[in-house]
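Containing mmCIF, C-alpha atoms: entry_33.cif.
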```
data_protein
#
loop_
_atom_site.group_PDB
_atom_site.id
_atom_site.type_symbol
_atom_site.label_atom_id
_atom_site.label_comp_id
_atom_site.auth_asym_id
_atom_site.auth_seq_id
_atom_site.Cartn_x
_atom_site.Cartn_y
_atom_site.Cartn_z
ATOM 1 C CA MET A 131 32.697 -1.360 -30.200
ATOM 2 C CA ALA A 132 34.842 -2.858 -32.992
ATOM 3 C CA ALA A 133 37.698 -0.429 -33.530
ATOM 4 C CA SER A 134 39.873 -3.101 -35.150
ATOM 5 C CA ARG A 135 37.576 -3.128 -38.207
ATOM 6 C CA GLN A 136 39.026 0.182 -39.389
ATOM 7 C CA ALA A 137 41.926 -1.811 -40.844
ATOM 8 C CA ARG A 138 39.779 -4.229 -42.886
ATOM 9 C CA THR A 139 40.468 -4.866 -46.558
ATOM 10 C CA PHE A 140 39.010 -2.070 -48.682
ATOM 11 C CA LEU A 141 38.068 -2.522 -52.354
ATOM 12 C CA PRO A 142 41.158 -4.470 -53.477
ATOM 13 C CA GLU A 143 42.058 -5.035 -57.107
ATOM 14 C CA ARG A 144 40.463 -8.106 -58.616
ATOM 15 C CA ALA A 145 43.787 -9.983 -58.590
ATOM 16 C CA ASP A 146 43.997 -9.472 -54.818
ATOM 17 C CA CYS A 147 40.392 -10.423 -53.972
ATOM 18 C CA PRO A 148 40.389 -12.452 -50.734
ATOM 19 C CA LEU A 149 37.124 -14.226 -51.666
ATOM 20 C CA CYS A 150 38.285 -15.708 -54.973
ATOM 21 C CA PRO A 151 39.702 -19.243 -55.164
ATOM 22 C CA SER A 152 43.351 -19.637 -54.189
ATOM 23 C CA ARG A 153 45.925 -20.061 -56.919
ATOM 24 C CA PRO A 154 49.626 -20.959 -56.794
ATOM 25 C CA GLU A 155 50.768 -17.335 -56.744
ATOM 26 C CA HIS A 156 48.041 -15.994 -54.451
ATOM 27 C CA SER A 157 46.437 -17.574 -51.367
ATOM 28 C CA THR A 158 43.027 -16.246 -50.358
ATOM 29 C CA GLU A 159 40.646 -16.877 -47.459
ATOM 30 C CA ILE A 160 39.466 -20.002 -49.303
ATOM 31 C CA PRO A 161 42.150 -22.692 -49.773
ATOM 32 C CA ALA A 162 40.647 -24.268 -52.877
ATOM 33 C CA ALA A 163 41.133 -23.862 -56.615
ATOM 34 C CA ARG A 164 37.366 -24.139 -57.159
ATOM 35 C CA PHE A 165 34.298 -24.171 -54.928
ATOM 36 C CA GLN A 166 30.525 -23.805 -55.071
ATOM 37 C CA ALA A 167 30.067 -21.798 -51.872
ATOM 38 C CA ALA A 168 32.227 -21.090 -48.833
ATOM 39 C CA VAL A 169 31.795 -19.943 -45.242
ATOM 40 C CA PHE A 170 34.525 -18.723 -42.903
ATOM 41 C CA GLU A 171 34.881 -16.571 -39.812
ATOM 42 C CA ASN A 172 35.295 -12.887 -40.615
ATOM 43 C CA ARG A 173 38.897 -11.752 -40.205
ATOM 44 C CA PHE A 174 37.599 -8.317 -39.158
ATOM 45 C CA PRO A 175 34.596 -9.217 -36.970
ATOM 46 C CA ALA A 176 32.133 -6.848 -35.355
ATOM 47 C CA MET A 177 31.916 -9.355 -32.469
ATOM 48 C CA VAL A 178 34.309 -11.929 -31.036
ATOM 49 C CA PRO A 179 33.412 -15.218 -29.290
ATOM 50 C CA TRP A 180 34.930 -14.243 -25.943
ATOM 51 C CA PRO A 181 33.242 -14.561 -22.550
ATOM 52 C CA PRO A 182 31.246 -13.412 -20.776
ATOM 53 C CA ALA A 183 28.973 -12.686 -23.747
ATOM 54 C CA GLY A 184 30.516 -13.124 -27.171
ATOM 55 C CA GLY A 185 29.147 -13.329 -30.680
ATOM 56 C CA LEU A 186 30.348 -14.596 -34.021
ATOM 57 C CA CYS A 187 30.663 -13.100 -37.510
ATOM 58 C CA GLU A 188 30.862 -15.220 -40.649
ATOM 59 C CA VAL A 189 31.316 -14.437 -44.336
ATOM 60 C CA VAL A 190 29.250 -16.438 -46.833
ATOM 61 C CA VAL A 191 30.746 -16.487 -50.325
ATOM 62 C CA TYR A 192 28.044 -17.264 -52.875
ATOM 63 C CA THR A 193 30.254 -18.454 -55.730
ATOM 64 C CA ASP A 194 33.855 -18.804 -56.860
ATOM 65 C CA GLU A 195 33.090 -16.459 -59.767
ATOM 66 C CA HIS A 196 34.328 -12.951 -58.988
ATOM 67 C CA ASP A 197 31.963 -11.157 -61.352
ATOM 68 C CA GLY A 198 28.220 -11.243 -60.821
ATOM 69 C CA SER A 199 25.871 -11.000 -57.875
ATOM 70 C CA PHE A 200 23.100 -12.818 -56.030
ATOM 71 C CA ALA A 201 20.888 -11.854 -58.977
ATOM 72 C CA THR A 202 23.078 -13.731 -61.476
ATOM 73 C CA LEU A 203 23.594 -16.989 -59.559
ATOM 74 C CA PRO A 204 22.557 -20.034 -61.612
ATOM 75 C CA ALA A 205 19.837 -22.257 -60.164
ATOM 76 C CA GLU A 206 22.170 -24.912 -58.763
ATOM 77 C CA ARG A 207 24.234 -22.296 -56.882
ATOM 78 C CA LEU A 208 21.055 -20.684 -55.587
ATOM 79 C CA ASP A 209 19.913 -24.061 -54.262
ATOM 80 C CA ARG A 210 23.290 -24.631 -52.608
ATOM 81 C CA LEU A 211 23.143 -21.207 -50.959
ATOM 82 C CA ALA A 212 19.701 -22.032 -49.496
ATOM 83 C CA GLU A 213 21.166 -25.127 -47.864
ATOM 84 C CA VAL A 214 24.285 -23.278 -46.678
ATOM 85 C CA TRP A 215 22.174 -20.620 -44.954
ATOM 86 C CA THR A 216 19.984 -23.319 -43.399
ATOM 87 C CA GLU A 217 22.947 -25.336 -42.123
ATOM 88 C CA ARG A 218 24.640 -22.279 -40.629
ATOM 89 C CA TYR A 219 21.393 -21.241 -38.904
ATOM 90 C CA ARG A 220 21.048 -24.722 -37.375
ATOM 91 C CA GLU A 221 24.658 -24.881 -36.251
ATOM 92 C CA LEU A 222 24.906 -21.374 -34.849
ATOM 93 C CA THR A 223 21.592 -21.373 -32.972
ATOM 94 C CA ALA A 224 22.741 -24.575 -31.249
ATOM 95 C CA ARG A 225 25.822 -22.865 -29.816
ATOM 96 C CA ARG A 226 25.865 -21.904 -26.189
ATOM 97 C CA GLY A 227 25.312 -18.197 -25.633
ATOM 98 C CA ILE A 228 23.939 -17.426 -29.112
ATOM 99 C CA LYS A 229 20.493 -15.827 -28.984
ATOM 100 C CA TYR A 230 19.866 -14.719 -32.579
ATOM 101 C CA VAL A 231 21.314 -15.602 -35.996
ATOM 102 C CA PHE A 232 21.059 -12.786 -38.527
ATOM 103 C CA ILE A 233 21.660 -13.528 -42.221
ATOM 104 C CA PHE A 234 22.159 -10.441 -44.359
ATOM 105 C CA GLU A 235 23.792 -8.941 -47.431
ATOM 106 C CA ASN A 236 25.054 -5.473 -48.187
ATOM 107 C CA ARG A 237 25.443 -4.825 -51.902
ATOM 108 C CA GLY A 238 27.164 -1.874 -53.516
ATOM 109 C CA GLU A 239 29.793 0.662 -52.538
ATOM 110 C CA GLN A 240 27.019 3.140 -51.646
ATOM 111 C CA VAL A 241 26.029 0.780 -48.817
ATOM 112 C CA GLY A 242 29.612 0.488 -47.605
ATOM 113 C CA VAL A 243 30.650 -2.787 -49.223
ATOM 114 C CA THR A 244 34.422 -3.256 -49.137
ATOM 115 C CA LEU A 245 34.648 -6.388 -51.341
ATOM 116 C CA HIS A 246 32.992 -6.753 -54.745
ATOM 117 C CA HIS A 247 32.958 -10.563 -54.897
ATOM 118 C CA PRO A 248 29.349 -11.845 -54.405
ATOM 119 C CA HIS A 249 28.937 -12.536 -50.707
ATOM 120 C CA GLY A 250 26.823 -11.968 -47.629
ATOM 121 C CA GLN A 251 27.329 -12.228 -43.907
ATOM 122 C CA ILE A 252 25.961 -13.928 -40.802
ATOM 123 C CA TYR A 253 26.047 -12.355 -37.341
ATOM 124 C CA ALA A 254 25.370 -14.665 -34.401
ATOM 125 C CA TYR A 255 24.406 -12.302 -31.599
ATOM 126 C CA PRO A 256 24.543 -13.045 -27.864
ATOM 127 C CA PHE A 257 21.240 -11.117 -27.609
ATOM 128 C CA VAL A 258 18.103 -10.592 -29.677
ATOM 129 C CA PRO A 259 18.633 -7.330 -31.638
ATOM 130 C CA PRO A 260 16.115 -4.481 -31.231
ATOM 131 C CA VAL A 261 14.360 -4.770 -34.610
ATOM 132 C CA PRO A 262 13.646 -8.523 -34.385
ATOM 133 C CA ALA A 263 12.768 -8.081 -30.717
ATOM 134 C CA THR A 264 10.102 -5.531 -31.676
ATOM 135 C CA GLU A 265 8.718 -7.845 -34.365
ATOM 136 C CA LEU A 266 8.622 -10.709 -31.892
ATOM 137 C CA GLY A 267 6.687 -8.684 -29.315
ATOM 138 C CA ARG A 268 3.196 -9.689 -28.397
ATOM 139 C CA HIS A 269 0.506 -8.566 -30.869
ATOM 140 C CA ALA A 270 -3.228 -8.765 -30.361
ATOM 141 C CA GLY A 271 -3.733 -10.463 -33.707
ATOM 142 C CA GLY A 272 -1.064 -13.104 -33.156
ATOM 143 C CA CYS A 273 1.826 -13.274 -35.631
ATOM 144 C CA LEU A 274 2.480 -9.807 -37.037
ATOM 145 C CA GLN A 275 3.944 -11.137 -40.311
ATOM 146 C CA CYS A 276 0.949 -13.417 -40.898
ATOM 147 C CA GLU A 277 -1.287 -10.374 -40.490
ATOM 148 C CA LEU A 278 0.814 -8.321 -42.902
ATOM 149 C CA VAL A 279 0.780 -11.079 -45.531
ATOM 150 C CA ARG A 280 -3.013 -11.448 -45.216
ATOM 151 C CA ASP A 281 -3.495 -7.695 -45.553
ATOM 152 C CA GLU A 282 -1.261 -7.446 -48.625
ATOM 153 C CA LEU A 283 -2.914 -10.424 -50.336
ATOM 154 C CA SER A 284 -6.301 -8.877 -49.635
ATOM 155 C CA ALA A 285 -5.230 -5.481 -51.017
ATOM 156 C CA ARG A 286 -3.544 -7.136 -54.050
ATOM 157 C CA ARG A 287 -2.203 -3.855 -55.451
ATOM 158 C CA ARG A 288 1.235 -4.103 -53.806
ATOM 159 C CA VAL A 289 1.831 -7.850 -54.328
ATOM 160 C CA LEU A 290 4.649 -8.744 -56.718
ATOM 161 C CA ILE A 291 4.823 -12.536 -56.365
ATOM 162 C CA ASN A 292 2.370 -15.092 -54.983
ATOM 163 C CA GLU A 293 3.702 -18.475 -56.059
ATOM 164 C CA ALA A 294 4.917 -21.757 -54.543
ATOM 165 C CA GLY A 295 3.978 -20.682 -51.048
ATOM 166 C CA ILE A 296 6.013 -17.458 -51.220
ATOM 167 C CA VAL A 297 4.667 -13.894 -51.210
ATOM 168 C CA ALA A 298 6.676 -10.813 -52.204
ATOM 169 C CA TYR A 299 5.234 -7.345 -51.812
ATOM 170 C CA VAL A 300 5.991 -3.664 -51.380
ATOM 171 C CA PRO A 301 4.718 -3.003 -47.851
ATOM 172 C CA GLU A 302 2.079 -0.323 -47.456
ATOM 173 C CA SER A 303 4.295 1.319 -44.833
ATOM 174 C CA ALA A 304 7.508 1.062 -46.891
ATOM 175 C CA ARG A 305 10.314 3.210 -45.516
ATOM 176 C CA TRP A 306 12.571 2.949 -48.558
ATOM 177 C CA PRO A 307 11.559 3.645 -52.155
ATOM 178 C CA TYR A 308 11.089 0.210 -53.757
ATOM 179 C CA GLU A 309 11.401 -1.658 -50.442
ATOM 180 C CA VAL A 310 10.246 -5.264 -50.840
ATOM 181 C CA HIS A 311 9.444 -7.971 -48.299
ATOM 182 C CA VAL A 312 9.495 -11.684 -49.198
ATOM 183 C CA ALA A 313 7.784 -14.114 -46.818
ATOM 184 C CA THR A 314 6.526 -17.653 -46.585
ATOM 185 C CA ARG A 315 2.777 -17.583 -46.984
ATOM 186 C CA ALA A 316 2.334 -20.194 -44.238
ATOM 187 C CA HIS A 317 3.634 -19.509 -40.748
ATOM 188 C CA ARG A 318 7.177 -20.906 -40.680
ATOM 189 C CA PRO A 319 9.546 -19.691 -37.944
ATOM 190 C CA ALA A 320 12.912 -20.289 -39.655
ATOM 191 C CA LEU A 321 14.690 -21.844 -42.634
ATOM 192 C CA PRO A 322 14.892 -25.364 -41.134
ATOM 193 C CA ASP A 323 11.090 -25.311 -40.733
ATOM 194 C CA VAL A 324 10.640 -24.985 -44.497
ATOM 195 C CA LEU A 325 10.969 -27.984 -46.810
ATOM 196 C CA PRO A 326 13.882 -27.871 -49.302
ATOM 197 C CA ALA A 327 11.490 -27.047 -52.159
ATOM 198 C CA GLY A 328 10.120 -24.143 -50.131
ATOM 199 C CA ARG A 329 13.617 -22.839 -49.414
ATOM 200 C CA ARG A 330 14.403 -22.982 -53.110
ATOM 201 C CA ALA A 331 11.180 -21.088 -53.858
ATOM 202 C CA LEU A 332 12.093 -18.434 -51.283
ATOM 203 C CA LEU A 333 15.515 -17.791 -52.800
ATOM 204 C CA ALA A 334 14.101 -17.896 -56.326
ATOM 205 C CA ALA A 335 11.623 -15.149 -55.378
ATOM 206 C CA MET A 336 14.408 -13.152 -53.740
ATOM 207 C CA GLN A 337 16.454 -13.443 -56.911
ATOM 208 C CA ARG A 338 13.555 -12.295 -59.092
ATOM 209 C CA VAL A 339 13.277 -9.194 -56.910
ATOM 210 C CA THR A 340 16.998 -8.391 -57.191
ATOM 211 C CA ARG A 341 16.896 -8.840 -60.965
ATOM 212 C CA ALA A 342 13.978 -6.418 -61.155
ATOM 213 C CA TYR A 343 16.003 -3.973 -59.051
ATOM 214 C CA ASP A 344 18.860 -4.106 -61.552
ATOM 215 C CA ARG A 345 16.449 -3.413 -64.413
ATOM 216 C CA LEU A 346 14.702 -0.561 -62.615
ATOM 217 C CA PHE A 347 17.324 2.108 -63.287
ATOM 218 C CA GLU A 348 19.504 -0.030 -65.593
ATOM 219 C CA VAL A 349 22.338 -0.140 -63.040
ATOM 220 C CA PRO A 350 23.262 -2.665 -60.336
ATOM 221 C CA MET A 351 20.974 -1.687 -57.471
ATOM 222 C CA PRO A 352 22.747 -1.113 -54.141
ATOM 223 C CA TYR A 353 20.685 -2.622 -51.360
ATOM 224 C CA MET A 354 20.621 -4.121 -47.886
ATOM 225 C CA MET A 355 18.981 -7.516 -47.463
ATOM 226 C CA SER A 356 18.037 -8.815 -44.016
ATOM 227 C CA MET A 357 16.529 -12.188 -43.141
ATOM 228 C CA HIS A 358 14.282 -12.268 -40.080
ATOM 229 C CA GLN A 359 13.534 -15.586 -38.400
ATOM 230 C CA SER A 360 13.174 -17.255 -35.038
ATOM 231 C CA PRO A 361 15.692 -16.566 -32.279
ATOM 232 C CA ALA A 362 17.651 -19.498 -30.875
ATOM 233 C CA GLN A 363 14.974 -19.895 -28.211
ATOM 234 C CA ALA A 364 11.973 -20.657 -30.391
ATOM 235 C CA SER A 365 9.245 -18.019 -30.527
ATOM 236 C CA ALA A 366 5.656 -18.607 -31.630
ATOM 237 C CA GLN A 367 5.644 -15.046 -33.035
ATOM 238 C CA ALA A 368 8.559 -15.672 -35.412
ATOM 239 C CA HIS A 369 7.734 -15.829 -39.132
ATOM 240 C CA LEU A 370 10.491 -16.254 -41.705
ATOM 241 C CA HIS A 371 10.718 -13.273 -44.035
ATOM 242 C CA VAL A 372 13.301 -11.243 -45.924
ATOM 243 C CA GLU A 373 13.381 -7.471 -46.237
ATOM 244 C CA PHE A 374 15.121 -5.606 -49.068
ATOM 245 C CA TYR A 375 16.117 -1.965 -48.638
ATOM 246 C CA PRO A 376 17.262 -0.617 -52.031
ATOM 247 C CA ILE A 377 18.859 2.789 -51.567
ATOM 248 C CA LEU A 378 18.258 4.400 -54.976
ATOM 249 C CA ARG A 379 15.087 6.485 -55.049
ATOM 250 C CA ASP A 380 15.486 7.393 -58.731
ATOM 251 C CA ARG A 381 18.041 7.134 -61.483
ATOM 252 C CA GLY A 382 21.331 8.394 -60.031
ATOM 253 C CA LYS A 383 19.676 9.566 -56.800
ATOM 254 C CA LEU A 384 20.320 8.025 -53.386
ATOM 255 C CA LYS A 385 17.803 7.903 -50.559
ATOM 256 C CA TYR A 386 19.611 9.519 -47.630
ATOM 257 C CA LEU A 387 18.774 8.931 -43.998
ATOM 258 C CA ALA A 388 18.836 12.590 -43.125
ATOM 259 C CA GLY A 389 17.519 14.610 -40.176
ATOM 260 C CA SER A 390 14.005 13.225 -39.881
ATOM 261 C CA GLU A 391 15.020 9.592 -40.424
ATOM 262 C CA THR A 392 18.185 9.641 -38.309
ATOM 263 C CA GLY A 393 17.383 12.231 -35.681
ATOM 264 C CA ALA A 394 13.672 11.648 -35.179
ATOM 265 C CA GLY A 395 13.279 8.084 -36.428
ATOM 266 C CA VAL A 396 10.591 9.163 -38.915
ATOM 267 C CA PHE A 397 11.079 7.887 -42.467
ATOM 268 C CA ILE A 398 9.946 10.041 -45.374
ATOM 269 C CA ASN A 399 9.329 7.979 -48.499
ATOM 270 C CA ASP A 400 9.644 9.683 -51.887
ATOM 271 C CA THR A 401 7.386 7.165 -53.630
ATOM 272 C CA LEU A 402 3.945 5.624 -53.253
ATOM 273 C CA ALA A 403 4.046 1.921 -52.394
ATOM 274 C CA GLU A 404 1.429 1.107 -55.034
ATOM 275 C CA GLU A 405 3.354 2.892 -57.796
ATOM 276 C CA SER A 406 6.605 1.250 -56.737
ATOM 277 C CA ALA A 407 4.915 -2.140 -56.866
ATOM 278 C CA ASP A 408 3.559 -1.432 -60.351
ATOM 279 C CA ARG A 409 7.028 -0.523 -61.636
ATOM 280 C CA LEU A 410 8.741 -3.527 -60.082
ATOM 281 C CA ARG A 411 6.006 -5.936 -61.169
ATOM 282 C CA SER A 412 6.494 -4.869 -64.774
ATOM 283 C CA LEU A 413 10.193 -5.746 -64.480
ATOM 284 C CA LEU A 414 9.811 -9.231 -63.011
ATOM 285 C CA GLU A 415 10.910 -11.984 -65.328
#
```

I need this file expressed as structure tokens, please.
Amino acid sequence: MAASRQARTFLPERADCPLCPSRPEHSTEIPAARFQAAVFENRFPAMVPWPPAGGLCEVVVYTDEHDGSFATLPAERLDRLAEVWTERYRELTARRGIKYVFIFENRGEQVGVTLHHPHGQIYAYPFVPPVPATELGRHAGGCLQCELVRDELSARRRVLINEAGIVAYVPESARWPYEVHVATRAHRPALPDVLPAGRRALLAAMQRVTRAYDRLFEVPMPYMMSMHQSPAQASAQAHLHVEFYPILRDRGKLKYLAGSETGAGVFINDTLAEESADRLRSLLE
């Protein structure tokens, strides 16, 4: 329950953006005239670090430039973001009481974004959330993500990227039209377990996917991005991967979570995974 979040800042004018650099006539959340990236505790958190079981919510600002997105970050800012995410994962998982660190981004007003400045969030939960907990459950074949990557590489048809140790694909069981998963090809539990070059390759692949999204319907694609990795207590089943849920199913048409999806938990996809992969592959740079 986070009733206090009802009062959070909602789509302010650009001049009042709380994520831009501070200037003499306007102080923001970031007390600097310029910066490369910034992290601070969310002023309107979904969780608070209070006993007996508290969590933490952070905002990660990708750039001091107000206009743009993750897709438009230059290479040096993308590299810095990879290290910021890695450092925050290390620091937060080391905190007492934190069980899972969840890095994510919501993009677009259709997803509920309340600030346009390029940014994401980190939730440090005092428990392992249900979706990661299911992924981390015991599977007869060992690591579930390793199995999925092997299957997609074998099928080939749905693979978008297979470079520098990173695989991106439209999963056969995609729930969202144009859903894409990006994973390390080798079994790596979390960001700190990947060499810096591998982290850069991961974010570069993620960026290529988001740029293809923006070309797909020639509008900025609203999406949810979630990064799945090891809980604070290391798990042999954990395999670092990122899932993108773009919410446009066609030009000007949203994919709604209606009765079947919300009430019964059964997703109905309006596209074929293979056809979605073909379209996105043709748009990769």

Care to translate the PyMOL selection byres ((chain A and resi 367-374) around 8) into actual residues of this file, as a short mmCIF file (atom, residue, chain, number, x, y, z; two decimals) with C-alpha atoms, keeping the file's coordinate frame?
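Output saved as result_10.cif:
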```
data_model
loop_
_atom_site.label_atom_id
_atom_site.label_comp_id
_atom_site.auth_asym_id
_atom_site.auth_seq_id
_atom_site.Cartn_x
_atom_site.Cartn_y
_atom_site.Cartn_z
CA GLU A 265 8.72 -7.84 -34.36
CA LEU A 266 8.62 -10.71 -31.89
CA GLY A 267 6.69 -8.68 -29.32
CA ARG A 268 3.20 -9.69 -28.40
CA GLY A 272 -1.06 -13.10 -33.16
CA CYS A 273 1.83 -13.27 -35.63
CA LEU A 274 2.48 -9.81 -37.04
CA GLN A 275 3.94 -11.14 -40.31
CA CYS A 276 0.95 -13.42 -40.90
CA GLU A 309 11.40 -1.66 -50.44
CA VAL A 310 10.25 -5.26 -50.84
CA HIS A 311 9.44 -7.97 -48.30
CA VAL A 312 9.49 -11.68 -49.20
CA ALA A 313 7.78 -14.11 -46.82
CA THR A 314 6.53 -17.65 -46.58
CA HIS A 317 3.63 -19.51 -40.75
CA ARG A 318 7.18 -20.91 -40.68
CA PRO A 319 9.55 -19.69 -37.94
CA ALA A 320 12.91 -20.29 -39.66
CA LEU A 321 14.69 -21.84 -42.63
CA TYR A 353 20.68 -2.62 -51.36
CA MET A 354 20.62 -4.12 -47.89
CA MET A 355 18.98 -7.52 -47.46
CA SER A 356 18.04 -8.82 -44.02
CA MET A 357 16.53 -12.19 -43.14
CA HIS A 358 14.28 -12.27 -40.08
CA GLN A 359 13.53 -15.59 -38.40
CA SER A 360 13.17 -17.26 -35.04
CA PRO A 361 15.69 -16.57 -32.28
CA ALA A 364 11.97 -20.66 -30.39
CA SER A 365 9.24 -18.02 -30.53
CA ALA A 366 5.66 -18.61 -31.63
CA TYR A 375 16.12 -1.96 -48.64
CA PRO A 376 17.26 -0.62 -52.03
#
```

Excluding Phe347 (chain A) and any residue of its chain fewer than 2 positions from it, enumerate the residues within 10 Å of it, using all atoms listed in the file, and give them as a PyMOL selection string. chain A and resi 342-345+349-351+378-382

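Using all atoms listed in the file, the smallest distance between any of A:Leu413, A:Val190, A:Leu245, A:Ile252 and Val231 (chain A) comes from A:Ile252.
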
List every protein, DNA or RNA residue with an atom no more than 12 Å from (30.9, -19.6, -43.0) in the file's coordinates, counting only C-alpha atoms, and format the result as a PyMOL selection string.
chain A and resi 149+159-160+167-173+186-192+211+214-219+221-222+233+249-254

Export, as a tab-separated table (two decimals), in the coordinates of the input, the selected residues with C-alpha atoms.
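The resulting file, again-v2.tsv, is shown below:
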```
chain	number	residue	atom	x	y	z
A	149	LEU	CA	37.12	-14.23	-51.67
A	159	GLU	CA	40.65	-16.88	-47.46
A	160	ILE	CA	39.47	-20.00	-49.30
A	167	ALA	CA	30.07	-21.80	-51.87
A	168	ALA	CA	32.23	-21.09	-48.83
A	169	VAL	CA	31.80	-19.94	-45.24
A	170	PHE	CA	34.52	-18.72	-42.90
A	171	GLU	CA	34.88	-16.57	-39.81
A	172	ASN	CA	35.30	-12.89	-40.62
A	173	ARG	CA	38.90	-11.75	-40.20
A	186	LEU	CA	30.35	-14.60	-34.02
A	187	CYS	CA	30.66	-13.10	-37.51
A	188	GLU	CA	30.86	-15.22	-40.65
A	189	VAL	CA	31.32	-14.44	-44.34
A	190	VAL	CA	29.25	-16.44	-46.83
A	191	VAL	CA	30.75	-16.49	-50.32
A	192	TYR	CA	28.04	-17.26	-52.88
A	211	LEU	CA	23.14	-21.21	-50.96
A	214	VAL	CA	24.28	-23.28	-46.68
A	215	TRP	CA	22.17	-20.62	-44.95
A	216	THR	CA	19.98	-23.32	-43.40
A	217	GLU	CA	22.95	-25.34	-42.12
A	218	ARG	CA	24.64	-22.28	-40.63
A	219	TYR	CA	21.39	-21.24	-38.90
A	221	GLU	CA	24.66	-24.88	-36.25
A	222	LEU	CA	24.91	-21.37	-34.85
A	233	ILE	CA	21.66	-13.53	-42.22
A	249	HIS	CA	28.94	-12.54	-50.71
A	250	GLY	CA	26.82	-11.97	-47.63
A	251	GLN	CA	27.33	-12.23	-43.91
A	252	ILE	CA	25.96	-13.93	-40.80
A	253	TYR	CA	26.05	-12.36	-37.34
A	254	ALA	CA	25.37	-14.66	-34.40
```

Applied to the shown file, which residues does the PyMOL selection byres ((chain A and resi 137) around 12) return, written as an MDAnalysis selection string? chainID A and resid 132:136 138:140 173:175 244

**OP:** Give as a count of residues only the set of residues within 9 Å of the point (10.9, 7.9, -49.6), where distances use the file's coordinates and all atoms listed in the file.
**Re:** 13

>> Under the PyMOL selection byres ((chain A and resi 414) around 10), which residues of this model are included? Write them out as a VMD selection string.
In response: chain A and resid 290 to 291 335 337 to 343 345 to 346 409 to 413 415

Quiz item: How many Å separate CA of Glu235 (chain A) from CA of Ser199 (chain A)?
Solution: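 Going from CA of Glu235 (chain A) over to CA of Ser199 (chain A), I get 10.8 Å.
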
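CA of Thr158 (chain A) to CA of Glu143 (chain A) spans 13.1 Å [interatomic distance, one decimal].
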
CA of Met177 (chain A) sits from CA of Phe257 (chain A) at a separation of 11.9 Å

- Query: Could you name the residues that touch Glu195 (chain A) at 9 Å or less, counting only C-alpha atoms, but leaving out those on the same chain fewer than 3 positions away, as a list in words?
  - Reply: Cys150, Pro151, Tyr192, Gly198, His247 and Pro248 of chain A

Could you give me the centre and size, in Å to one decimal, of an axis-aligned box around all listed atoms of region 292-295 of chain A with 4 Å added on every side, as JSON?
```
{"center_x": 3.6, "center_y": -18.4, "center_z": -53.6, "size_x": 10.5, "size_y": 14.7, "size_z": 13.0}
```
